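In what follows, a structure is listed as structure tokens, so that the remarks can point back to it.
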Amino acid sequence: MSPMKKALGLVLCIFSVFSFLRSEYVGKVYFRAADGNRLKRIGGRIEAPGALGLSPVRTYKESPLFVTQAVPAGSQKSLTNVAGEIRKGNLLLKRVEIDPLAGMEHRRYTQYYKGLEVLGGQIIQHFKQGRLVNTNGEYYEAINVDTTPYVSSAIARELYKVHLVKPESTETKGGTKLVVFPIKDGEYRLAYRVSLDSGDTFSMNGIIDAQTGEVIKEYSNINSDELTIGLGIGVHGDQFKLPTTYDNNVYKLEDLKKARPVNQKTYDYRTWDGQAYYVASDIDNIWDEDGALVNVHAYLGWVYDYYYLVFGRNGIDDKNLDINEVVHQTGDTDNAEWNSSNLEMFFFDSGPLGLQTAAALDVIAHEYTHGVTQFTSDLQYYCDQNAQPGALNESFSDIMGTAVEFYWQNPGEGFEKSDWVIAEDAYSTYSPNNYLRSLADPNSASWEYQGIFYPYPCHLSQCVIFPDTQEGDWGGVHFNSTLYSHAYYLLSAGGTNKVSGLSVSGIGIEKATKIFYRAWTYYMTSTADYLFAANCLLQSAGDLYGANSNEYAQTIKAMEAIGWTIN
Amino acid sequence: MEKIGVFLVSALLISSVSVSSEIKEPGFQEKPAIQTNAPRIPRSPRISLRVAYGVDLLKANKSISWSQVVYQENALYSVNYDVGKGQSFSAGMGYKFSDHLGIELGFDSASRDLLAENRASIPNPLYFNSPREADSAERRKIQESAFSLDLIYSIPFGKLGLDLYAGPTYFSTRAELTSAIAFTESAYPYDSVSISPQTEKLRKSVIGFNAGSSMNLYLSKNFAVFITARYLWAKADFQPSSGIPQLNLALGGLRLGGGLKLVF
């Protein structure tokens with residue numbers, strides 16, 4: 001043998017061995033035979049089943065996916081010779097998915113007909129340790145479609161736009177594609193798949209017949225099982241995420257246990273038809289026209305979250321009672337309310353002060369907390385010489401309103417900032433002097449009764465019992481609330497009481513809130529008075545931090561600062 | 001790859017023994033210019049075959065990132081690819097026009113580690129500016145085949161011979177890249193997310209170049225061992241079908257290795 005021949009032989013030997021070792025598993029494809037009962041192995045080098053006389057077969061027992069494979073008799077859908085179809089270019093690898101849990105690799109092929117994707121035609125091969133163990137999917141056979149479109153893609157797009165609820169929708173990236181669309185067994189149409197959207201919450205696919213322009217089918221790209229999150233612009237221009245529900249072609253301001261484990265519905269009182277009002281709705285889930293609705297829906301979610309995250313509390317009743325709120329209630333009053341009968345919150349449109357209470361996070365948390373109180377201590381809504389449960393009730397709502405504000409907002413001046421005053425965000429313009437009550441300096445605001453302005457109390461000696469009428473604030477439930485909300489401020493931030501001159505070193509708002517929350521929800525009774533409340537607080541502080549702790553000592557100081565003598 | 005190397009080395013050793021035995025056949029005549037019995041540098045043989053095994057020395061790092069609106073906010077995704085060291089096998093067949101000049105058709109196959117670090121920052125469904133972070137890392141491979149046509153300049157030094165070569169290279173590369181990153185999130189209050197990258201095997205063929213040198217030590221008239229340093233280079237853009245940004249990778253790199261050579 002000549003050196004040249006030897007050399008060539010050696011090179012061929014090297015390359016053949018090398019290429020053999022490098023060969024892929026593409027040649028080891030199992031396919032479903034026509035008899036439907038066995039999987040036969042073919043290979044890249046074994047051109048026909050059984051060519052080596054081995055005919056390795058596998059039964060369905062080793063291929064559980066086939067057992068459940070729904071290929072109805074007579075259907076045009078079937079599994080086919082995968083390897084052959086890949087070679088012909090009728091199946092193109094679309095995706096390889098790694099399945100670390102099962103240690104598998106799944107290769108997903110898309111079916112093509114004369115270069116056009118056949119919608120729904122997919123074959124998936126399942127590999128384990130590089131070895132094909134299963135194949136499933138749907139393959140459309142006997143397709144016979146004229147692939148020449150008579151309608152252009154631009155016209156198809158326009159036809160679909162006209163068909164849509166939102167004709168201003170625009171084409172998504174790569175949004176129009178000529179495809180083969182199976183209508184039913186054995187029938188196919190040449191069609192455009194047109195994908196249009198408008199914003200992030202409206203996205204539709206339309207199948208437009210490429211011969212006639214008919215809209216054959218359409219479906220949304222928005223998966224209704226996923227969270228539907230809208231974008232809202234609040235009263236003061238801030239953006240909020242809004243859990244909403246897509247229903248009947250509109251988005252509704254309601255979250256039916258999807259984003260949060262509680263049903264929340266925000267009603268628009270202006271929809272009142274004499275019998276009911278309805279959940280607010282929007283066409284595109286961009287809520288940019290009514291800040292009050294946005295603020296209430298978003299903020300009540302935040303309040304729910306605060307109670308859950310800080311105290312592990314599941315909603316108003318700790319059993320995820322539905323949160324129902326009504327916005328734009330009329331009545332010419334600067335007010336918001338918790339209706340203990342209907343278990344609903346109401347937020348009124350502006351009264352004499354021009355307040356939009358829906359815009360204030362502390363107000364919304366305040367009303368929600370009335371509900372919490374109803375399902376815990378159930379402090380009754382009155383205030384007299386014998387008991388002041390109504391004042392304690394209002395006090396707790398201001399305390400928790402402030403705590404929620406500090407939890408979600410940054411401290412500072414201006415809208416959407418946390419501070420020690422109530423309802424500052426309800427005003428149309430920000431001013432440090434615009435608020436209803438102050439926890440830091442209760443005396444800085446007044447309650448008017450029969451033409452006389454009474455400074456809100458910061459000390460027991462300043463408390464006043466008014467008549468048990470609406471004008472008299474039901475004995476002064478709001479008026480006298482600042483006694484304990486001021487104590488909360490002193491315990492949280494530290495300070496000196498204006499009347500007693502006694503100082504308290506703040507232990508921080510988180511610890512102070514826990515002491516008050518436990519006292520009000522676990523120890524308080526429905527007809528508690530001021531003294532009972534002080535004892536509840538000491539008990540709570542002792543439980544949480546111990547009788548020898550600084551927290552307990554400062555709680556005592558806070559009580560002394562507002563007028564109590566501790567023995 | 002190591003098995004291939006062992007196989008080829010064995011094959012060549014057997015082949016060289018066979019060739020050596022032919023040297024002793026009566027018909028063979030040594031050239032008069034060579035006075036000693038020591039192996040000499042062949043000047044007249046024109047055909048050469050070589051095989052080599054080597055390592056890729058240069059590492060590379062590339063990142064891609066993209067964003068997508070999730071929950072009314074941008075979710076940020078990134079994949080950082082660390083292309084690590086690898087092993088290579090090469091073979092070639094050369095032809096000399098003269099004592100100094102020749103050409104060689106060579107084939108290189110390399111497999112390099114590819115560490116894909118996938119990261120995602122997924123917005124919270126309920127609040128702005130409260131993203132949840134997640135990452136994952138996967139070891140994959142880049143398979144690279146390169147066919148080179150080189151011009152060789154040889155400089156003999158006694159038993160030694162230095163080959164300098166350079167020429168165009170056709171690269172065929174296959175890499176498994178991240179094509180998308182899906183996320184799943186924990187239930188309310190949505191504290192955490194986990195990600196599962198989807199991958200796609202992409203092929204890319206590009207033209208580049210290579211250059212290098214080999215130092216040959218002739219153990220017999222027809223057989224030599226050599227060490228080689230070769231630099232191969234090409235740029236390849238891998239575009240996943242999902243539409244995420246393409247990955248621009250520099251192929252090849254510096255490969256050091258050694259091998260066996262037969263000349264005829």
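Chains: A, B, ... in order of the structure tokens. Residues: from 1 per chain. Ligands: from 1, in order shown.
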Using only C-alpha atoms, determine which residues of chain B fall within 6 Å of chain A; present them as a ChimeraX atom specification.
/B:71,126,198-200
Among the residues of region 199-418 of chain A, find those DSSP assigns to strand (DSSP E) from the backbone and print them as a ChimeraX atom specification.
/A:202-209,215-220,229-233,239-243,245-247,250-252,254-256,263-268,278-279,281-282,286-287,323-329,336-339,344-348
Need to verify the contact set: region 210-220 of chain B, 10 Å, only C-alpha atoms, exclusion of same-chain residues closer than 6 positions in sequence. Can you return it as a PyMOL selection string?
chain B and resi 16+19-20+23+38-42+146-170+226-234+252-263
Skipping near chain neighbours, those fewer than 5 positions away, what residues fall within 6 Å of Ser121 (chain B) using only C-alpha atoms, listed as a ChimeraX atom specification?
/B:75-76,131-133
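Minimum atom-to-atom distances from B:Arg174, B:His100, B:Lys201, B:Lys59 to Lys85 (chain B) were compared using only C-alpha atoms, and the lowest value belongs to B:Lys59.
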What's the 7 Å shell around Gln388 (chain A), counting only C-alpha atoms, without same-chain residues fewer than 5 positions away, as a compact mmCIF listing (two decimals) with N, CA and C atoms, in the first residue's frame?
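The resulting around.txt:
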# COMPACT_ATOMS: atom_id res chain seq x y z
N TYR A 382 -69.68 55.45 72.23
CA TYR A 382 -70.18 56.54 73.07
C TYR A 382 -69.08 56.96 74.02
N CYS A 383 -69.32 58.06 74.69
CA CYS A 383 -68.31 58.59 75.60
C CYS A 383 -69.06 59.40 76.68
N ALA A 528 -64.91 49.91 77.90
CA ALA A 528 -63.73 50.32 78.67
C ALA A 528 -63.71 51.83 78.88
N ASP A 529 -63.05 52.24 79.97
CA ASP A 529 -62.85 53.67 80.20
C ASP A 529 -61.36 53.99 80.09
N TYR A 530 -61.01 55.23 80.27
CA TYR A 530 -59.62 55.65 80.11
C TYR A 530 -58.68 54.86 81.02
Looking only at the backbone, which of the residues in region 8-250 of chain B does DSSP tag as helix (DSSP H, G or I), as an MDAnalysis selection string?
chainID B and resid 8:23
For the residues in the current selection, export C-alpha atoms as a PDB file, in the first residue's frame.
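Result saved to part16.pdb:
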ATOM      1  CA  LEU B   8      -5.847   8.293  17.781  1.00  0.00           C
ATOM      2  CA  VAL B   9      -2.532   8.255  19.550  1.00  0.00           C
ATOM      3  CA  SER B  10      -2.627   4.457  19.546  1.00  0.00           C
ATOM      4  CA  ALA B  11      -3.563   4.388  15.899  1.00  0.00           C
ATOM      5  CA  LEU B  12      -0.739   6.680  14.996  1.00  0.00           C
ATOM      6  CA  LEU B  13       1.799   4.787  17.037  1.00  0.00           C
ATOM      7  CA  ILE B  14       0.827   1.582  15.280  1.00  0.00           C
ATOM      8  CA  SER B  15       0.962   3.380  11.989  1.00  0.00           C
ATOM      9  CA  SER B  16       4.402   4.824  12.757  1.00  0.00           C
ATOM     10  CA  VAL B  17       5.759   1.420  13.694  1.00  0.00           C
ATOM     11  CA  SER B  18       4.457   0.126  10.386  1.00  0.00           C
ATOM     12  CA  VAL B  19       6.084   2.984   8.544  1.00  0.00           C
ATOM     13  CA  SER B  20       9.364   2.469  10.395  1.00  0.00           C
ATOM     14  CA  SER B  21       9.431  -1.132   9.319  1.00  0.00           C
ATOM     15  CA  GLU B  22       9.157  -0.033   5.743  1.00  0.00           C
ATOM     16  CA  ILE B  23      12.273   2.058   6.147  1.00  0.00           C
TER      17      ILE B  23
END
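Pairwise distance (CA of Phe97 (chain B), CA of Arg50 (chain B)) equals 17.5 Å.
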Residue contacts of Pro149 (chain A) (9 Å, only C-alpha atoms) excluding same-chain residues fewer than 4 positions away, as a PyMOL selection string
chain A and resi 153+178+190-191+209-211
Non-local contacts of region 473-475 of chain A (7 Å; only C-alpha atoms; under 4 positions in same chain excluded) as an MDAnalysis selection string
chainID A and resid 382:384 465:469
Dump of C-alpha atoms for the selected residues, as a compact mmCIF listing (two decimals), in the first residue's frame:
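Below is the file that was written, out-v5.txt:
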# COMPACT_ATOMS: atom_id res chain seq x y z
CA TYR A 382 -70.18 56.54 73.07
CA CYS A 383 -68.31 58.59 75.60
CA ASP A 384 -69.64 59.69 78.97
CA ILE A 465 -67.70 65.10 77.74
CA PHE A 466 -70.13 66.58 75.25
CA PRO A 467 -73.81 65.67 74.91
CA ASP A 468 -74.53 62.26 73.44
CA THR A 469 -75.66 63.68 70.13
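In this comparison, which uses only C-alpha atoms, the residue of B:Asn248, B:Thr178, B:Gln72, B:Ser88 approaching Leu115 (chain B) most closely is B:Thr178.
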Take CA of Val262 (chain A) and CA of Asn74 (chain B) and report the distance between them in Å, one decimal.
26.7 Å
